[in-house]
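Text of data-v5.cif (mmCIF, C-alpha atoms) as supplied:
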data_final
loop_
_atom_site.label_atom_id
_atom_site.label_comp_id
_atom_site.auth_asym_id
_atom_site.auth_seq_id
_atom_site.Cartn_x
_atom_site.Cartn_y
_atom_site.Cartn_z
CA MET L 1 12.49 8.89 -20.04
CA LYS L 2 13.38 12.31 -21.44
CA MET L 3 15.76 14.42 -19.33
CA THR L 4 16.05 18.19 -19.76
CA LYS L 5 18.27 20.47 -17.71
CA ILE L 6 16.19 23.60 -17.05
CA TYR L 7 18.63 25.43 -14.77
CA GLU L 8 22.38 25.28 -14.32
CA GLY L 9 24.06 27.46 -11.71
CA THR L 10 25.30 26.81 -8.20
CA HIS L 11 22.87 23.91 -8.38
CA GLN L 12 20.89 22.24 -11.15
CA TRP L 13 17.24 21.63 -11.99
CA VAL L 14 16.49 18.68 -14.27
CA MET L 15 13.07 17.80 -15.62
CA PHE L 16 12.13 14.15 -16.38
CA GLY L 17 9.10 13.09 -18.37
CA ARG L 18 7.63 12.03 -21.71
CA ASP L 19 8.41 8.38 -20.94
CA GLU L 20 7.82 6.64 -24.26
CA ASN L 21 7.40 3.25 -22.59
CA LYS L 22 4.68 4.48 -20.25
CA PRO L 23 1.44 2.44 -20.45
CA ASP L 24 -1.12 4.36 -22.55
CA ASN L 25 -3.80 4.35 -19.88
CA ILE L 26 -1.90 6.30 -17.21
CA VAL L 27 -1.28 10.05 -17.36
CA ASP L 28 2.14 11.37 -18.26
CA SER L 29 3.75 13.40 -15.49
CA ASN L 30 6.80 15.59 -15.04
CA GLN L 31 9.29 14.81 -12.33
CA TYR L 32 12.07 17.18 -11.30
CA ILE L 33 15.29 17.00 -9.35
CA ILE L 34 17.28 19.74 -7.68
CA ARG L 35 20.90 18.64 -7.58
CA THR L 36 23.38 20.24 -5.17
CA PRO L 37 27.02 19.09 -4.80
CA ASN L 38 26.22 16.27 -2.34
CA LYS L 39 22.46 15.98 -2.26
CA CYS L 40 19.53 15.46 -4.54
CA LEU L 41 15.92 16.51 -3.97
CA LEU L 42 13.34 14.64 -6.00
CA LEU L 43 10.20 16.69 -6.67
CA GLN L 44 6.99 14.75 -7.45
CA PRO L 45 8.61 11.27 -7.49
CA GLY L 46 5.73 9.90 -9.58
CA GLY L 47 3.58 6.80 -9.74
CA THR L 48 4.58 3.18 -9.17
CA GLU L 49 4.55 2.45 -12.90
CA LEU L 50 7.16 5.15 -13.50
CA PHE L 51 9.50 4.15 -10.69
CA ALA L 52 12.02 2.07 -12.68
CA PRO L 53 12.52 4.47 -15.62
CA MET L 54 12.54 7.43 -13.24
CA MET L 55 15.11 5.98 -10.87
CA ALA L 56 17.27 4.84 -13.81
CA ALA L 57 17.13 8.38 -15.20
CA VAL L 58 18.08 9.94 -11.85
CA LEU L 59 21.16 7.68 -11.73
CA HIS L 60 22.57 9.74 -14.60
CA HIS L 61 22.73 12.68 -12.17
CA ALA L 62 23.13 11.34 -8.63
CA PRO L 63 24.06 8.11 -6.82
CA VAL L 64 21.36 6.43 -4.74
CA ASP L 65 22.88 7.44 -1.39
CA GLN L 66 22.76 11.13 -2.36
CA ILE L 67 19.00 11.08 -3.01
CA THR L 68 18.28 12.50 0.42
CA ASP L 69 15.01 14.36 0.00
CA LEU L 70 11.67 13.84 -1.71
CA PHE L 71 8.85 16.32 -2.13
CA ALA L 72 5.19 15.61 -2.88
CA SER L 73 2.96 18.60 -3.58
CA HIS L 74 -0.17 16.63 -2.70
CA GLN L 75 -1.51 13.11 -2.21
CA ASP L 76 -2.40 11.97 -5.70
CA PRO L 77 -1.05 8.60 -6.96
CA ASP L 78 0.63 10.12 -10.02
CA VAL L 79 2.61 12.31 -7.61
CA ILE L 80 3.71 9.84 -4.96
CA SER L 81 2.37 6.28 -5.30
CA SER L 82 5.96 5.12 -5.94
CA LEU L 83 6.81 6.02 -2.33
CA GLY L 84 6.80 2.37 -1.15
CA LEU L 85 9.55 1.58 -3.67
CA TRP L 86 11.69 4.64 -2.88
CA ASP L 87 11.21 3.67 0.75
CA GLN L 88 12.99 0.37 0.12
CA ALA L 89 15.69 1.87 -2.11
CA LEU L 90 16.77 4.87 -0.02
CA SER L 91 18.37 4.31 3.34
CA ASN L 92 18.53 7.89 4.60
CA ALA L 93 15.86 10.11 3.08
CA LYS L 94 13.13 12.54 4.08
CA LEU L 95 9.78 13.11 2.44
CA HIS L 96 8.50 16.69 2.58
CA ALA L 97 4.75 16.47 2.08
CA PRO L 98 1.59 18.14 3.41
CA ALA L 99 0.89 17.50 7.09
CA LEU L 100 -2.79 17.10 6.25
CA TRP L 101 -2.10 14.14 3.96
CA GLU L 102 0.35 12.23 6.17
CA GLY L 103 -2.01 9.42 7.16
CA TYR L 104 -3.11 9.04 3.53
CA ILE L 105 0.30 9.15 1.85
CA ARG L 106 1.64 6.58 4.31
CA HIS L 107 -0.73 4.06 2.66
CA PHE L 108 1.78 3.95 -0.20
CA GLY L 109 4.43 2.58 2.23
CA CYS L 110 6.69 4.81 4.31
CA GLU L 111 8.72 2.91 6.88
CA SER L 112 12.34 3.95 6.48
CA ILE L 113 11.81 7.37 4.90
CA GLU L 114 11.18 10.13 7.45
CA TYR L 115 7.88 11.94 6.77
CA VAL L 116 8.46 15.67 7.34
CA PRO L 117 5.01 17.26 7.48
CA ILE L 118 4.61 20.68 5.83
CA PRO L 119 2.35 22.94 7.91
CA ASP L 120 -0.67 24.56 6.23
CA ASN L 121 1.02 27.96 5.93
CA GLY L 122 4.10 26.52 4.20
CA GLU L 123 7.75 26.74 5.20
CA THR L 124 11.30 27.06 3.92
CA ILE L 125 13.56 24.04 3.53
CA LYS L 126 17.25 23.88 2.82
CA ILE L 127 19.09 21.40 0.60
CA GLU L 128 22.75 22.13 1.37
CA SER L 129 23.00 25.87 0.55
CA VAL L 130 19.83 26.03 -1.56
CA GLU L 131 16.83 27.57 0.18
CA LEU L 132 13.44 26.59 -1.16
CA GLN L 133 10.10 28.13 -0.28
CA LEU L 134 7.18 25.74 0.00
CA ILE L 135 4.26 27.94 -0.99
CA PRO L 136 0.67 27.01 -0.06
CA ALA L 137 -1.50 26.20 -3.07
CA HIS L 138 -4.58 24.85 -1.32
CA TYR L 139 -7.58 23.90 -3.47
CA LEU L 140 -5.41 23.99 -6.60
CA HIS L 141 -6.56 21.33 -7.16
CA SER L 142 -5.99 19.33 -3.97
CA PRO L 143 -7.53 20.71 -0.73
CA CYS L 144 -3.98 20.85 0.61
CA GLY L 145 -1.03 21.38 -1.69
CA PHE L 146 2.28 23.20 -1.95
CA HIS L 147 4.45 24.55 -4.74
CA VAL L 148 8.24 24.89 -4.63
CA TYR L 149 9.86 28.24 -5.31
CA ASP L 150 13.60 28.57 -5.85
CA PRO L 151 14.50 32.30 -5.68
CA VAL L 152 18.01 31.73 -7.05
CA ALA L 153 16.99 29.72 -10.11
CA LYS L 154 13.74 31.75 -10.31
CA ILE L 155 11.75 28.58 -10.86
CA LEU L 156 8.31 27.83 -9.45
CA MET L 157 7.39 24.14 -9.56
CA CYS L 158 3.67 24.75 -9.68
CA GLY L 159 2.21 21.25 -9.27
CA SER L 160 -1.15 20.83 -10.99
CA VAL L 161 -1.41 24.52 -11.94
CA GLY L 162 -0.40 25.02 -15.58
CA SER L 163 -0.87 21.35 -16.39
CA ALA L 164 -1.84 20.02 -19.80
CA PHE L 165 -1.87 16.55 -21.34
CA GLU L 166 0.01 15.94 -24.54
CA ALA L 167 1.55 13.29 -26.75
CA PRO L 168 4.75 11.61 -25.46
CA ASN L 169 6.87 13.38 -28.06
CA ALA L 170 5.59 16.90 -27.28
CA PRO L 171 8.26 19.57 -26.73
CA VAL L 172 9.29 20.36 -23.16
CA PHE L 173 8.62 24.11 -23.36
CA VAL L 174 5.52 26.02 -24.49
CA GLU L 175 6.21 27.34 -27.98
CA ARG L 176 2.97 29.13 -28.89
CA PHE L 177 1.00 30.20 -25.86
CA ASP L 178 -2.22 30.87 -27.79
CA VAL L 179 -2.21 27.29 -29.10
CA HIS L 180 -1.25 25.80 -25.72
CA VAL L 181 -4.15 27.50 -23.94
CA GLU L 182 -6.68 25.10 -25.42
CA LYS L 183 -4.76 22.13 -24.02
CA MET L 184 -5.06 23.55 -20.50
CA ARG L 185 -8.56 25.02 -20.44
CA TYR L 186 -10.73 22.00 -19.61
CA TYR L 187 -8.28 20.63 -17.05
CA HIS L 188 -8.18 23.91 -15.12
CA GLN L 189 -11.91 24.56 -15.31
CA ARG L 190 -12.77 21.04 -14.22
CA MET L 191 -10.00 20.23 -11.72
CA MET L 192 -9.56 23.58 -9.93
CA PRO L 193 -12.49 23.96 -7.54
CA SER L 194 -12.23 27.54 -6.29
CA ASN L 195 -11.97 30.98 -7.95
CA GLN L 196 -11.17 32.42 -4.52
CA ALA L 197 -8.22 30.03 -4.05
CA LYS L 198 -7.05 30.71 -7.60
CA ARG L 199 -7.08 34.50 -7.02
CA ALA L 200 -5.17 34.20 -3.71
CA TRP L 201 -2.51 32.06 -5.40
CA ILE L 202 -2.13 34.46 -8.35
CA ASP L 203 -1.75 37.44 -5.99
CA LYS L 204 1.00 35.60 -4.14
CA VAL L 205 2.79 34.35 -7.24
CA ARG L 206 2.75 37.74 -9.01
CA ASN L 207 5.04 38.99 -6.23
CA LEU L 208 7.67 36.32 -6.98
CA ASP L 209 10.48 36.78 -9.48
CA ILE L 210 9.84 33.85 -11.85
CA ASP L 211 11.65 32.85 -15.03
CA ILE L 212 10.22 29.38 -15.27
CA LEU L 213 6.85 27.89 -14.30
CA ALA L 214 7.28 24.12 -14.13
CA PRO L 215 3.98 22.17 -13.88
CA GLN L 216 3.43 18.53 -13.07
CA HIS L 217 1.94 17.67 -16.46
CA GLY L 218 2.70 19.02 -19.91
CA ARG L 219 4.93 21.82 -21.07
CA ILE L 220 7.00 24.29 -19.06
CA PHE L 221 6.42 28.06 -19.28
CA LYS L 222 9.39 30.42 -19.50
CA GLY L 223 10.02 34.12 -20.00
CA ASP L 224 6.97 36.13 -21.08
CA ASP L 225 4.79 33.02 -21.12
CA VAL L 226 4.88 33.04 -17.31
CA LYS L 227 3.00 36.36 -17.19
CA ARG L 228 0.75 35.24 -20.07
CA PHE L 229 -0.18 32.16 -18.09
CA LEU L 230 -0.95 34.13 -14.91
CA ASP L 231 -3.16 36.58 -16.86
CA TRP L 232 -4.98 33.75 -18.63
CA PHE L 233 -5.53 31.80 -15.39
CA ASP L 234 -6.68 34.99 -13.65
CA SER L 235 -9.45 35.48 -16.20
CA LEU L 236 -10.55 31.82 -16.26
CA GLN L 237 -13.66 30.77 -14.36
CA VAL L 238 -12.90 27.48 -12.57
CA GLY L 239 -14.97 24.93 -10.65
CA THR L 240 -17.29 24.22 -13.58
CA GLY L 241 -17.94 20.56 -12.76
CA ILE L 242 -21.13 21.18 -10.76
CA MET J 243 0.57 -9.69 -9.28
CA ASN J 244 1.44 -13.16 -10.60
CA SER J 245 -0.83 -16.18 -10.18
CA GLN J 246 1.30 -17.75 -7.43
CA THR J 247 1.09 -14.59 -5.32
CA LYS J 248 -2.66 -14.42 -5.92
CA SER J 249 -3.05 -18.06 -4.79
CA GLN J 250 -0.96 -17.31 -1.70
CA PHE J 251 -3.19 -14.34 -0.78
CA ILE J 252 -6.32 -16.45 -1.34
CA ALA J 253 -4.96 -19.38 0.70
CA VAL J 254 -4.12 -17.16 3.68
CA ALA J 255 -7.40 -15.22 3.50
CA SER J 256 -9.41 -18.46 3.28
CA ILE J 257 -8.02 -19.67 6.62
CA THR J 258 -9.78 -16.87 8.49
CA SER J 259 -12.99 -17.56 6.63
CA GLU J 260 -12.92 -21.34 7.27
CA LEU J 261 -11.95 -20.87 10.90
CA SER J 262 -14.75 -18.42 11.64
CA ALA J 263 -17.15 -21.22 10.58
CA VAL J 264 -15.26 -23.62 12.89
CA MET J 265 -15.68 -21.14 15.72
CA VAL J 266 -19.47 -21.03 15.22
CA VAL J 267 -19.66 -24.82 15.26
CA ALA J 268 -17.45 -25.10 18.37
CA LYS J 269 -19.80 -22.71 20.16
CA GLU J 270 -22.72 -24.90 19.10
CA ILE J 271 -20.97 -27.93 20.65
CA SER J 272 -20.53 -25.98 23.86
CA LEU J 273 -24.26 -25.23 23.86
CA ALA J 274 -25.07 -28.89 23.12
CA ALA J 275 -22.91 -29.88 26.11
CA ALA J 276 -24.85 -27.57 28.42
CA ASN J 277 -28.12 -28.95 27.07
CA ALA J 278 -26.91 -32.55 27.50
CA LYS J 279 -25.87 -31.84 31.08
CA ALA J 280 -29.34 -30.56 31.94
CA ILE J 281 -31.00 -33.61 30.35
CA ALA J 282 -28.60 -36.01 32.08
CA PHE J 283 -29.32 -34.31 35.41
CA ARG J 284 -33.06 -34.74 34.92
CA ALA J 285 -32.58 -38.36 33.84
CA GLY J 286 -30.71 -39.11 37.07
CA ASP J 287 -29.53 -42.75 37.35
CA LYS J 288 -30.84 -43.61 33.88
CA ALA J 289 -28.16 -41.37 32.34
CA LYS J 290 -25.42 -41.87 34.89
CA GLY J 291 -22.90 -42.82 32.21
CA PHE J 292 -23.79 -39.79 30.17
CA GLN J 293 -22.97 -37.19 32.83
CA PRO J 294 -19.15 -37.34 32.65
CA ILE J 295 -19.38 -37.34 28.85
CA THR J 296 -21.06 -33.93 28.89
CA ASP J 297 -18.07 -32.53 30.78
CA PHE J 298 -15.75 -33.96 28.14
CA ILE J 299 -17.80 -32.41 25.34
CA ASN J 300 -17.76 -29.03 27.03
CA GLU J 301 -14.02 -29.17 27.66
CA LEU J 302 -13.35 -30.18 24.08
CA ALA J 303 -15.47 -27.30 22.75
CA LYS J 304 -13.65 -24.79 24.99
CA GLU J 305 -10.24 -26.06 23.90
CA THR J 306 -11.25 -25.89 20.24
CA ILE J 307 -12.44 -22.29 20.65
CA GLU J 308 -9.16 -21.39 22.35
CA LEU J 309 -7.10 -23.09 19.64
CA VAL J 310 -9.03 -21.41 16.83
CA THR J 311 -8.68 -18.00 18.52
CA ASN J 312 -4.91 -18.46 18.64
CA ILE J 313 -4.77 -19.69 15.05
CA ASN J 314 -6.74 -16.64 13.91
CA VAL J 315 -4.15 -14.34 15.47
CA TYR J 316 -1.45 -16.36 13.75
CA ALA J 317 -3.32 -16.28 10.43
CA LEU J 318 -3.46 -12.49 10.63
CA LEU J 319 0.31 -12.38 11.12
CA LEU J 320 0.69 -14.71 8.15
CA TYR J 321 -1.46 -12.36 6.06
CA ARG J 322 0.76 -9.41 7.00
CA LEU J 323 3.80 -11.46 6.09
CA THR J 324 2.22 -12.24 2.71
CA VAL J 325 1.69 -8.50 2.08
CA ASN J 326 5.28 -7.83 3.12
CA GLU J 327 6.62 -10.57 0.89
CA TYR J 328 4.60 -9.18 -2.02
CA ARG J 329 6.04 -5.69 -1.43
CA ARG J 330 9.60 -7.02 -1.14
CA THR J 331 9.27 -9.10 -4.30
CA GLU J 332 7.73 -6.18 -6.18
CA ALA J 333 10.58 -3.91 -5.07
CA TYR J 334 13.24 -6.45 -5.99
CA ASN J 335 11.77 -6.94 -9.49
CA ARG J 336 11.58 -3.18 -10.07
CA PHE J 337 15.10 -2.61 -8.73
CA GLU J 338 16.38 -5.23 -11.16
CA LYS J 339 14.63 -3.32 -13.93
CA VAL J 340 16.29 -0.09 -12.75
CA GLY J 341 19.66 -1.87 -12.93
CA LYS J 342 19.01 -2.82 -16.57
CA LEU J 343 17.59 0.56 -17.61
CA ALA J 344 20.42 2.45 -15.92
CA ALA J 345 23.17 0.63 -17.83
CA GLY J 346 25.66 3.27 -18.88
CA ALA J 347 24.43 5.87 -16.35
CA ALA J 348 27.16 7.64 -14.37
CA TYR J 349 25.89 6.29 -11.05
CA ALA J 350 24.44 2.94 -12.20
CA ASP J 351 26.71 1.02 -9.82
CA SER J 352 25.17 2.72 -6.79
CA MET J 353 22.05 0.59 -7.41
CA LYS J 354 23.92 -2.66 -6.71
CA GLU J 355 23.55 -2.41 -2.94
CA PRO J 356 19.80 -1.67 -2.92
CA ILE J 357 19.30 -4.60 -5.34
CA ALA J 358 21.31 -6.96 -3.13
CA THR J 359 19.47 -5.80 0.02
CA ALA J 360 16.08 -6.16 -1.68
CA ARG J 361 16.97 -9.70 -2.79
CA THR J 362 18.01 -10.71 0.74
CA MET J 363 14.88 -9.23 2.29
CA MET J 364 12.65 -10.93 -0.27
CA GLN J 365 14.31 -14.30 0.37
CA ASP J 366 14.04 -13.79 4.15
CA CYS J 367 10.31 -13.16 3.77
CA GLN J 368 9.87 -16.28 1.62
CA ARG J 369 11.70 -18.44 4.19
CA GLN J 370 9.76 -16.91 7.08
CA PHE J 371 6.48 -17.56 5.24
CA LYS J 372 7.33 -21.25 4.76
CA ARG J 373 8.33 -21.58 8.43
CA ASP J 374 5.12 -19.93 9.61
CA VAL J 375 2.96 -22.06 7.31
CA THR J 376 4.58 -25.22 8.70
CA GLN J 377 3.81 -24.04 12.22
CA LEU J 378 0.25 -23.12 11.33
CA LEU J 379 -0.30 -26.55 9.80
CA GLY J 380 0.80 -28.03 13.14
CA GLN J 381 -1.81 -25.94 14.95
CA LEU J 382 -4.48 -26.96 12.47
CA GLU J 383 -3.55 -30.60 13.09
CA ALA J 384 -4.34 -30.03 16.79
CA VAL J 385 -7.84 -28.86 15.85
CA MET J 386 -8.26 -31.96 13.66
CA HIS J 387 -7.27 -34.06 16.66
CA HIS J 388 -10.02 -32.41 18.70
CA ALA J 389 -12.52 -33.08 15.92
CA ARG J 390 -11.57 -36.76 15.88
CA ALA J 391 -11.92 -36.93 19.68
CA ALA J 392 -15.36 -35.32 19.43
CA ARG J 393 -16.47 -38.06 17.04
CA VAL J 394 -15.34 -40.76 19.49
CA ILE J 395 -17.26 -38.99 22.27
CA ALA J 396 -20.31 -38.79 20.01
CA ALA J 397 -20.13 -42.58 19.46
CA ASN J 398 -19.88 -43.20 23.23
CA SER J 399 -22.75 -40.80 23.79
CA ARG J 400 -24.97 -42.86 21.49
CA ILE J 401 -24.23 -46.00 23.50
CA GLU J 402 -24.95 -44.27 26.80
CA ALA J 403 -28.09 -42.67 25.37
CA SER J 404 -29.48 -46.09 24.44
CA GLN J 405 -29.74 -46.94 28.16
CA ALA J 406 -31.49 -43.71 29.15
CA GLY J 407 -35.07 -44.89 28.75
CA GLU J 408 -37.46 -42.04 27.97
CA TYR J 409 -34.48 -39.69 27.61
CA LEU J 410 -33.04 -41.75 24.77
CA GLN J 411 -34.25 -39.43 21.99
CA SER J 412 -33.02 -36.22 23.62
CA LEU J 413 -29.61 -37.64 24.38
CA GLN J 414 -29.29 -39.20 20.95
CA ALA J 415 -30.03 -35.80 19.44
CA VAL J 416 -27.15 -34.38 21.50
CA ALA J 417 -24.84 -37.14 20.25
CA GLU J 418 -25.92 -36.46 16.67
CA SER J 419 -25.27 -32.73 16.93
CA VAL J 420 -21.79 -33.33 18.40
CA ASP J 421 -20.99 -35.78 15.60
CA LYS J 422 -22.25 -33.39 12.92
CA ALA J 423 -20.25 -30.51 14.40
CA ALA J 424 -17.11 -32.65 14.55
CA HIS J 425 -17.58 -33.48 10.86
CA THR J 426 -17.91 -29.82 9.93
CA ILE J 427 -14.81 -28.86 11.91
CA HIS J 428 -12.85 -31.68 10.32
CA ASP J 429 -13.88 -30.70 6.79
CA ASN J 430 -13.21 -26.98 7.21
CA VAL J 431 -9.83 -27.48 8.82
CA GLN J 432 -8.92 -30.04 6.18
CA ARG J 433 -9.64 -27.43 3.47
CA CYS J 434 -7.29 -24.97 5.25
CA ARG J 435 -4.58 -27.62 5.39
CA ILE J 436 -4.89 -28.49 1.70
CA ALA J 437 -4.77 -24.80 0.72
CA LEU J 438 -1.64 -24.22 2.80
CA SER J 439 0.23 -27.47 2.36
CA ILE J 440 1.83 -26.45 -0.96
CA TYR J 441 3.64 -23.62 0.84
CA ARG J 442 5.06 -25.62 3.73
CA ASN J 443 8.78 -26.26 4.27
CA SER J 444 9.77 -29.36 2.35
#
Could you take the file, read its structure, and then write that structure out as structure tokens?
Amino acid sequence: MKMTKIYEGTHQWVMFGRDENKPDNIVDSNQYIIRTPNKCLLLQPGGTELFAPMMAAVLHHAPVDQITDLFASHQDPDVISSLGLWDQALSNAKLHAPALWEGYIRHFGCESIEYVPIPDNGETIKIESVELQLIPAHYLHSPCGFHVYDPVAKILMCGSVGSAFEAPNAPVFVERFDVHVEKMRYYHQRMMPSNQAKRAWIDKVRNLDIDILAPQHGRIFKGDDVKRFLDWFDSLQVGTGI
Amino acid sequence: MNSQTKSQFIAVASITSELSAVMVVAKEISLAAANAKAIAFRAGDKAKGFQPITDFINELAKETIELVTNINVYALLLYRLTVNEYRRTEAYNRFEKVGKLAAGAAYADSMKEPIATARTMMQDCQRQFKRDVTQLLGQLEAVMHHARAARVIAANSRIEASQAGEYLQSLQAVAESVDKAAHTIHDNVQRCRIALSIYRNS
């Protein structure tokens, strides 16, 4: 499992992904942690198949008893099907996940972890001194989803938005936006159901100060590529699967 | 899922299936008892010996239904335990893998406690499963006992039926249906016992 520190300040952001031992027939996904002095928030914990390499990778940054919070943007198995295993490993943790999906996500096993439902209009959570905004991203692609914005690190973990599927050895960051566009086009047109939802999200996100856009699959956008992505997404017609 | 776990799931699931067939047959015996009672009543003195037998048949059917209902509840608990054991075993195996993959990580040692806890919980589940299977086998034995008793009653019924004159055929049919039902119950319960016996406490 590849580990890349994408922010270092009063707290840290680390991205995990490109697992070279991942079975070929499951999608690659990016996991993230936000590490504060005594706590660790795990964003998009991942699927069951990725649990062991992911947990082993996290142990380079935090001990088990400091993994206190998990976040799932939506209900998909590649986001959170490992929950039943985290549930047995962590003795004092909370899962921040959409209220709408609670009854569904609990199918993955959630007995000892406290499910903290995120209301439809989002909320702010605090991990020690770090305040994080959970921004609604409904119908992008899930009917109920949230992205995580860190105003200090200026990072938006944007879930499925910005996703692309690449080879396991692909670089972590977008290098040539014009080339990367073709890797994202079909996914966004096919998986995102609503132009209206897309426009509402873009309007909201344009008002945020963002250095890094960190999606759940594929490469991360930074600097000018953030604006390039928003402009490209804005002009893209989605919901083409009908 | 390994083949032993698969067999365990199949064994537990098959109990419910076999017992639902037993339940149908037990209800048929109950119906046969009611039928026999009516015939014996009409036959009067000719079937005097048959009358108390019908009460026995009915009682036996009721007890079997009650036993099977209780076993079904127990079988459901056993199924849940099987799911739990599968989850615990799965977690333990993956935690062990984490321990190996994390060798050299700064906080690798913090995984020792979750691994130890997962191992204990998995072993607890395995022990509990064996205990519960042993208990369930005892309950199934009680149903077998009822099936054997039903066959004895069926044999007595045939003897009594032979003295019932023109009612002989009707009462013999009752005895036959009780005997057939007892056979079916015996065979189905025996299949449950065979499927489960490999998991019992030695």
Task: Of the listed residues L:Gln237, L:Ser29, L:Thr68, L:Ser112, that which approaches L:Lys198 most closely, counting only C-alpha atoms - done: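 Closest to L:Lys198 of all the choices is L:Gln237.
Residue list for chain L within 6 Å of chain J: L:Ala52, L:Ala56, L:Leu59, L:His60, L:Pro63, L:Val64, L:Leu85, L:Ala89, counting only C-alpha atoms.
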- [ ] Would you please work out which residue, of L:Gln75, L:Gln216, L:Gln12, L:Asn25, is nearest to L:Pro37 when using all atoms listed in the file?
- [x] L:Gln12
Task: Shell of 9 Å around L:Gly122, only C-alpha atoms, local chain residues under 5 positions omitted, as a ChimeraX atom specification - done: /L:98,133-136,146
TODO: Apply the PyMOL selection byres ((chain J and resi 260) around 8) to the structure shown and report the selected residues as a ChimeraX atom specification.
DONE: /J:256-259,261-264,430-431,433-434
Open item on the list: Would you pick out the contacts of L:His138 at 10 Å or less, using all atoms listed in the file, so that residues sharing its chain but fewer than 2 positions from it are not included, and give the list as a list of chain:residue names?
Closed with: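 My list of contacting residues is L:His74, L:Asp120, L:Asn121, L:Ile135, L:Pro136, L:Leu140, L:His141, L:Ser142, L:Pro143, L:Cys144, L:Gly145, L:Phe146, L:His147, L:Ser194, L:Ala197, L:Lys198, L:Ala200, L:Trp201.
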Task: Contacts of J:Asn244 within 12 Å, only C-alpha atoms, excl. fewer than 2 positions in-chain, as number ranges by chain - done: J: 246-251, 328, 331-332
